[in-house]
>>> print(open('my_file32.cif').read())   # mmCIF, C-alpha atoms
data_data
#
loop_
_atom_site.label_atom_id
_atom_site.label_comp_id
_atom_site.auth_asym_id
_atom_site.auth_seq_id
_atom_site.Cartn_x
_atom_site.Cartn_y
_atom_site.Cartn_z
CA MET A 144 105.58 -12.40 70.23
CA THR A 145 102.94 -14.82 68.96
CA ILE A 146 102.63 -16.71 65.72
CA ALA A 147 99.30 -18.43 65.23
CA ALA A 148 98.25 -20.27 62.08
CA ARG A 149 95.31 -22.63 61.99
CA LEU A 150 93.11 -24.53 59.60
CA GLU A 151 89.36 -24.15 60.13
CA GLN A 152 87.03 -26.91 59.05
CA LYS A 153 83.92 -24.84 59.88
CA GLY A 154 83.20 -21.15 59.58
CA PHE A 155 85.09 -18.55 61.58
CA GLU A 156 84.40 -14.96 62.53
CA PRO A 157 87.11 -12.56 61.23
CA SER A 158 86.10 -9.83 63.71
CA GLU A 159 86.91 -12.19 66.60
CA GLU A 160 90.33 -12.87 65.08
CA LEU A 161 90.97 -9.12 64.83
CA VAL A 162 89.88 -8.58 68.44
CA GLU A 163 92.27 -11.29 69.62
CA LEU A 164 95.14 -9.97 67.50
CA THR A 165 94.55 -6.42 68.77
CA ARG A 166 94.48 -7.69 72.36
CA CYS A 167 97.87 -9.37 71.81
CA ALA A 168 99.20 -6.20 70.19
CA ALA A 169 99.09 -4.07 73.33
CA GLY A 170 102.19 -1.86 73.11
CA ASP A 171 102.42 -2.07 69.33
CA GLY A 172 101.60 0.86 67.08
CA ALA A 173 99.92 -0.91 64.18
CA VAL A 174 97.58 -3.75 63.32
CA VAL A 175 96.90 -4.63 59.67
CA SER A 176 94.51 -7.36 58.64
CA PHE A 177 93.12 -8.82 55.43
CA VAL A 178 89.98 -10.91 55.03
CA GLY A 179 89.40 -12.90 51.84
CA LEU A 180 85.77 -13.70 50.98
CA ALA A 181 84.27 -16.28 48.63
CA ARG A 182 82.95 -14.58 45.50
CA HIS A 183 79.45 -14.94 44.05
CA VAL A 184 80.73 -15.05 40.46
CA GLY A 185 83.61 -16.77 38.68
CA LYS A 186 86.17 -15.23 36.32
CA ALA A 187 83.88 -15.46 33.31
CA GLY A 188 81.00 -13.92 35.24
CA GLU A 189 79.28 -17.25 35.85
CA ARG A 190 77.37 -17.84 39.07
CA VAL A 191 79.27 -19.70 41.79
CA ASP A 192 77.16 -21.71 44.21
CA ARG A 193 80.02 -22.80 46.43
CA LEU A 194 83.78 -22.79 46.73
CA VAL A 195 85.41 -26.04 47.82
CA LEU A 196 88.89 -26.08 49.34
CA GLU A 197 90.38 -29.55 49.52
CA HIS A 198 93.32 -29.95 51.85
CA HIS A 199 96.10 -32.38 52.72
CA PRO A 200 95.81 -34.10 56.12
CA ARG A 201 99.22 -32.85 57.29
CA LEU A 202 100.88 -30.59 54.73
CA THR A 203 98.16 -27.95 54.63
CA GLU A 204 98.40 -26.81 58.24
CA LYS A 205 102.19 -27.05 58.07
CA SER A 206 102.22 -24.76 55.02
CA LEU A 207 100.16 -22.16 56.92
CA GLN A 208 102.54 -22.32 59.86
CA ASP A 209 105.66 -22.12 57.66
CA ILE A 210 104.32 -19.03 55.87
CA ALA A 211 103.38 -17.34 59.15
CA PHE A 212 106.84 -18.09 60.64
CA ASP A 213 108.55 -16.76 57.50
CA ALA A 214 106.59 -13.50 57.78
CA GLU A 215 107.66 -13.09 61.38
CA SER A 216 111.33 -13.72 60.53
CA ARG A 217 111.37 -11.43 57.54
CA PHE A 218 109.63 -8.32 58.92
CA GLN A 219 109.83 -6.32 62.13
CA VAL A 220 106.50 -7.58 63.41
CA SER A 221 105.32 -8.67 66.85
CA HIS A 222 102.36 -10.93 66.11
CA VAL A 223 101.20 -12.91 63.09
CA ARG A 224 97.78 -14.54 62.90
CA VAL A 225 96.55 -16.66 59.99
CA VAL A 226 93.24 -18.53 59.83
CA HIS A 227 92.29 -20.44 56.68
CA ARG A 228 89.09 -22.30 55.89
CA CYS A 229 88.85 -25.64 54.16
CA GLY A 230 85.83 -27.58 52.95
CA GLU A 231 82.68 -26.10 51.43
CA ILE A 232 82.41 -22.34 51.58
CA GLN A 233 79.31 -20.39 50.59
CA PRO A 234 79.61 -17.13 48.62
CA GLY A 235 80.21 -14.23 50.98
CA GLU A 236 81.77 -16.39 53.70
CA PRO A 237 85.34 -15.70 54.84
CA ILE A 238 88.08 -17.90 53.39
CA VAL A 239 91.14 -16.42 55.04
CA PHE A 240 92.19 -14.00 57.75
CA ALA A 241 95.76 -12.70 57.69
CA GLY A 242 96.65 -10.25 60.44
CA VAL A 243 99.87 -8.68 61.65
CA ALA A 244 100.80 -6.42 64.55
CA ALA A 245 103.97 -4.34 64.61
CA LEU A 246 105.54 -1.33 66.26
CA HIS A 247 105.20 0.62 63.00
CA ARG A 248 102.66 0.51 60.19
CA ARG A 249 104.99 -0.07 57.21
CA ALA A 250 106.22 -3.42 58.48
CA ALA A 251 102.64 -4.46 59.29
CA PHE A 252 101.37 -3.56 55.79
CA GLU A 253 104.26 -5.30 54.10
CA ALA A 254 104.02 -8.44 56.21
CA ALA A 255 100.27 -8.74 55.53
CA ASP A 256 100.88 -8.31 51.79
CA TYR A 257 103.64 -10.94 51.94
CA LEU A 258 101.42 -13.37 53.83
CA MET A 259 98.70 -13.16 51.19
CA ASP A 260 101.11 -13.50 48.24
CA ARG A 261 102.58 -16.64 49.80
CA LEU A 262 99.20 -18.08 50.86
CA LYS A 263 97.80 -17.54 47.38
CA THR A 264 100.54 -19.56 45.70
CA GLU A 265 101.97 -21.91 48.34
CA ALA A 266 99.31 -22.78 50.90
CA VAL A 267 98.50 -26.44 50.25
CA PHE A 268 94.88 -26.28 49.08
CA TRP A 269 93.08 -27.32 45.93
CA LYS A 270 90.33 -24.91 45.17
CA ARG A 271 87.35 -25.40 42.91
CA GLU A 272 84.26 -23.37 42.16
CA GLU A 273 80.99 -25.23 41.70
CA GLY A 274 77.96 -23.78 39.97
CA PRO A 275 75.36 -24.33 37.25
CA VAL A 276 78.05 -24.63 34.57
CA GLY A 277 79.91 -27.35 36.46
CA THR A 278 83.18 -27.43 38.36
CA VAL A 279 86.21 -25.23 37.66
CA TRP A 280 89.57 -25.80 39.35
CA ILE A 281 91.13 -22.49 40.40
CA GLU A 282 94.92 -22.17 40.23
CA PRO A 283 97.15 -19.17 40.84
CA THR A 284 97.47 -16.84 37.86
CA GLY A 285 100.71 -15.56 36.36
CA ASP A 286 100.14 -12.32 38.30
CA ASP A 287 99.79 -14.30 41.53
CA TYR A 288 103.15 -16.00 40.95
CA ALA A 289 104.74 -12.67 39.94
CA ASN A 290 103.43 -11.07 43.14
CA ARG A 291 104.91 -13.90 45.18
CA ASP A 292 108.24 -13.65 43.32
CA ARG A 293 108.56 -9.96 44.29
CA TRP A 294 109.59 -11.12 47.74
CA GLU A 295 112.42 -13.42 46.56
CA MET B 254 103.75 -48.77 44.81
CA LYS B 255 101.00 -46.65 46.26
CA VAL B 256 100.46 -43.27 44.63
CA ARG B 257 98.09 -40.64 46.04
CA PHE B 258 96.68 -37.87 43.90
CA TYR B 259 95.42 -34.46 44.95
CA GLY B 260 93.39 -31.71 43.33
CA LYS B 261 92.52 -32.07 39.68
CA LEU B 262 94.81 -35.10 39.35
CA ALA B 263 92.36 -37.01 41.57
CA ASP B 264 89.65 -36.34 38.97
CA VAL B 265 91.62 -38.52 36.54
CA PHE B 266 93.32 -41.08 38.78
CA GLY B 267 91.13 -41.21 41.87
CA THR B 268 92.64 -40.35 45.24
CA GLU B 269 94.87 -43.42 45.43
CA ARG B 270 96.02 -46.23 43.20
CA GLU B 271 98.53 -49.02 43.18
CA ILE B 272 101.14 -48.74 40.43
CA ALA B 273 103.26 -51.81 39.73
CA ILE B 274 106.95 -51.00 39.26
CA ASP B 275 109.58 -53.67 38.58
CA ALA B 276 112.47 -51.65 40.00
CA PRO B 277 113.03 -48.33 41.77
CA CYS B 278 112.51 -45.42 39.39
CA SER B 279 112.66 -41.64 39.43
CA VAL B 280 109.65 -39.40 39.95
CA THR B 281 110.16 -38.20 36.36
CA GLN B 282 109.93 -41.74 35.05
CA LEU B 283 106.79 -42.36 37.03
CA ARG B 284 105.22 -39.12 35.80
CA SER B 285 106.04 -40.08 32.20
CA ARG B 286 104.55 -43.51 32.62
CA LEU B 287 101.35 -42.14 34.12
CA ALA B 288 101.16 -39.55 31.32
CA ALA B 289 101.60 -42.25 28.66
CA ASP B 290 98.84 -44.34 30.22
CA HIS B 291 96.52 -41.35 30.72
CA PRO B 292 97.09 -38.85 27.91
CA GLN B 293 94.26 -36.64 29.16
CA ALA B 294 96.38 -35.91 32.25
CA ALA B 295 99.72 -35.62 30.42
CA GLU B 296 99.81 -31.82 30.40
CA THR B 297 99.10 -31.61 34.12
CA LEU B 298 101.61 -34.34 34.99
CA GLN B 299 104.37 -32.55 33.05
CA ASN B 300 103.57 -29.20 34.73
CA SER B 301 106.53 -28.25 36.93
CA ARG B 302 104.09 -26.83 39.49
CA VAL B 303 102.83 -30.35 40.15
CA ARG B 304 104.94 -31.43 43.09
CA ALA B 305 105.87 -34.81 44.45
CA CYS B 306 106.02 -35.76 48.13
CA VAL B 307 107.35 -38.73 50.04
CA ASP B 308 106.78 -39.01 53.80
CA ASP B 309 105.30 -35.48 53.85
CA THR B 310 108.48 -34.01 52.35
CA PHE B 311 108.65 -32.41 48.93
CA VAL B 312 111.08 -34.27 46.68
CA SER B 313 112.67 -33.41 43.35
CA ASP B 314 111.82 -35.15 40.09
CA GLU B 315 115.19 -36.91 40.27
CA GLN B 316 114.23 -38.61 43.54
CA ILE B 317 114.29 -42.40 43.28
CA VAL B 318 111.20 -44.07 44.67
CA SER B 319 110.66 -47.74 45.38
CA ASP B 320 107.75 -50.12 45.60
CA ASP B 321 107.41 -49.93 49.38
CA GLN B 322 107.07 -46.13 49.45
CA VAL B 323 104.01 -43.94 49.10
CA LEU B 324 104.35 -41.18 46.54
CA GLU B 325 101.99 -38.21 46.63
CA LEU B 326 101.44 -36.08 43.54
CA LEU B 327 100.06 -32.62 44.29
CA ALA B 328 98.34 -30.61 41.56
CA PRO B 329 99.19 -26.87 41.66
CA VAL B 330 98.12 -25.50 45.03
CA SER B 331 96.20 -22.31 45.70
CA GLY B 332 95.06 -20.71 48.94
CA GLY B 333 93.69 -17.32 49.89
#
>>> encode(input="my_file32.cif", output="structure tokens")
Amino acid sequence: MTIAARLEQKGFEPSEELVELTRCAAGDGAVVSFVGLARHVGKAGERVDRLVLEHHPRLTEKSLQDIAFDAESRFQVSHVRVVHRCGEIQPGEPIVFAGVAALHRRAAFEAADYLMDRLKTEAVFWKREEGPVGTVWIEPTGDDYANRDRWE
Amino acid sequence: MKVRFYGKLADVFGTEREIAIDAPCSVTQLRSRLAADHPQAAETLQNSRVRACVDDTFVSDEQIVSDDQVLELLAPVSGG
């Protein structure tokens, strides 16, 4: 069993994360992964030039690890892998990789869904979009909190 | 005491500032005082999703903090 959660200051390659997770998953029957990408447009359709994720020097990485450990304890999964960017992210670049390996697919799907609902609302980042219209802080929506609360 | 601000709170207060307190007070009292002094941040400061931390541990609004501690106020967080 492996649980890996890390904060990336620079870019990362999601396909390499998937290769590594799949390599660890030898003997398992399922690997499910999610990759979140920075969007080119904001909620109101405005152009976004960059996404900036501020982080806390200690609490951010700890929050990623706590969420990954919780996923492993809650579901019948063998491996959990979370990679999350911080800093300036250009549109189209990956923000997050959340991957899970398990003996059976249902647990892998559910654990990946759980990881993203928790990361969206509890990972310690402050996210803002910057573009021609200025800076907009992005916070979880009511739906994001409701999705997270499904698991309580 | 030293207070650190994160996210959109840092837009108003800067990342760190020294707040003079005469006696230990609760996080709620400190939030109210900051809100009174900076009305433009009052709504954010009263938001229950703004969390307080001492020594890298989340604390409740009833937590008593003293002058020699560092309080961190975290605007609502969002990853993914």
>>> residues_around(input="my_file32.cif", residues="region 255-258 of chain B", least_positions_apart="6", cutoff="8 Å", atoms="only C-alpha atoms", output="list in words")
Phe266, Gly267, Thr268, Glu269, Arg270, Glu271, Ile272, Asp320, Asp321, Gln322, Val323, Leu324, Glu325, Leu326, Leu327 and Ala328 of chain B
>>> resolve_selection(input="my_file32.cif", expression="the PyMOL selection byres ((chain A) within 6 of (chain B))", output="VMD selection string")
chain A and resid 239 262 to 264 266 to 269 282 to 283
>>> write_last_selection(input="my_file32.cif", atoms="C-alpha atoms", output="short mmCIF file (atom, residue, chain, number, x, y, z; two decimals), in the coordinates of the input")
data_model
loop_
_atom_site.label_atom_id
_atom_site.label_comp_id
_atom_site.auth_asym_id
_atom_site.auth_seq_id
_atom_site.Cartn_x
_atom_site.Cartn_y
_atom_site.Cartn_z
CA VAL A 239 91.14 -16.42 55.04
CA LEU A 262 99.20 -18.08 50.86
CA LYS A 263 97.80 -17.54 47.38
CA THR A 264 100.54 -19.56 45.70
CA ALA A 266 99.31 -22.78 50.90
CA VAL A 267 98.50 -26.44 50.25
CA PHE A 268 94.88 -26.28 49.08
CA TRP A 269 93.08 -27.32 45.93
CA GLU A 282 94.92 -22.17 40.23
CA PRO A 283 97.15 -19.17 40.84
#
>>> atom_distance(input="my_file32.cif", atom1="CA of Arg149 (chain A)", atom2="CA of Asp286 (chain A)")
26.3 Å
>>> closest_residue(input="my_file32.cif", among="A:Glu265, A:Glu197, A:Gly230, A:Arg291", to="Arg302 (chain B)", atoms="all atoms listed in the file")
A:Glu265
>>> resolve_selection(input="my_file32.cif", expression="the PyMOL selection byres ((chain A and resi 175) around 12)", output="ChimeraX atom specification")
/A:160-162,164-165,168,171-174,176-178,220-224,240-256,258
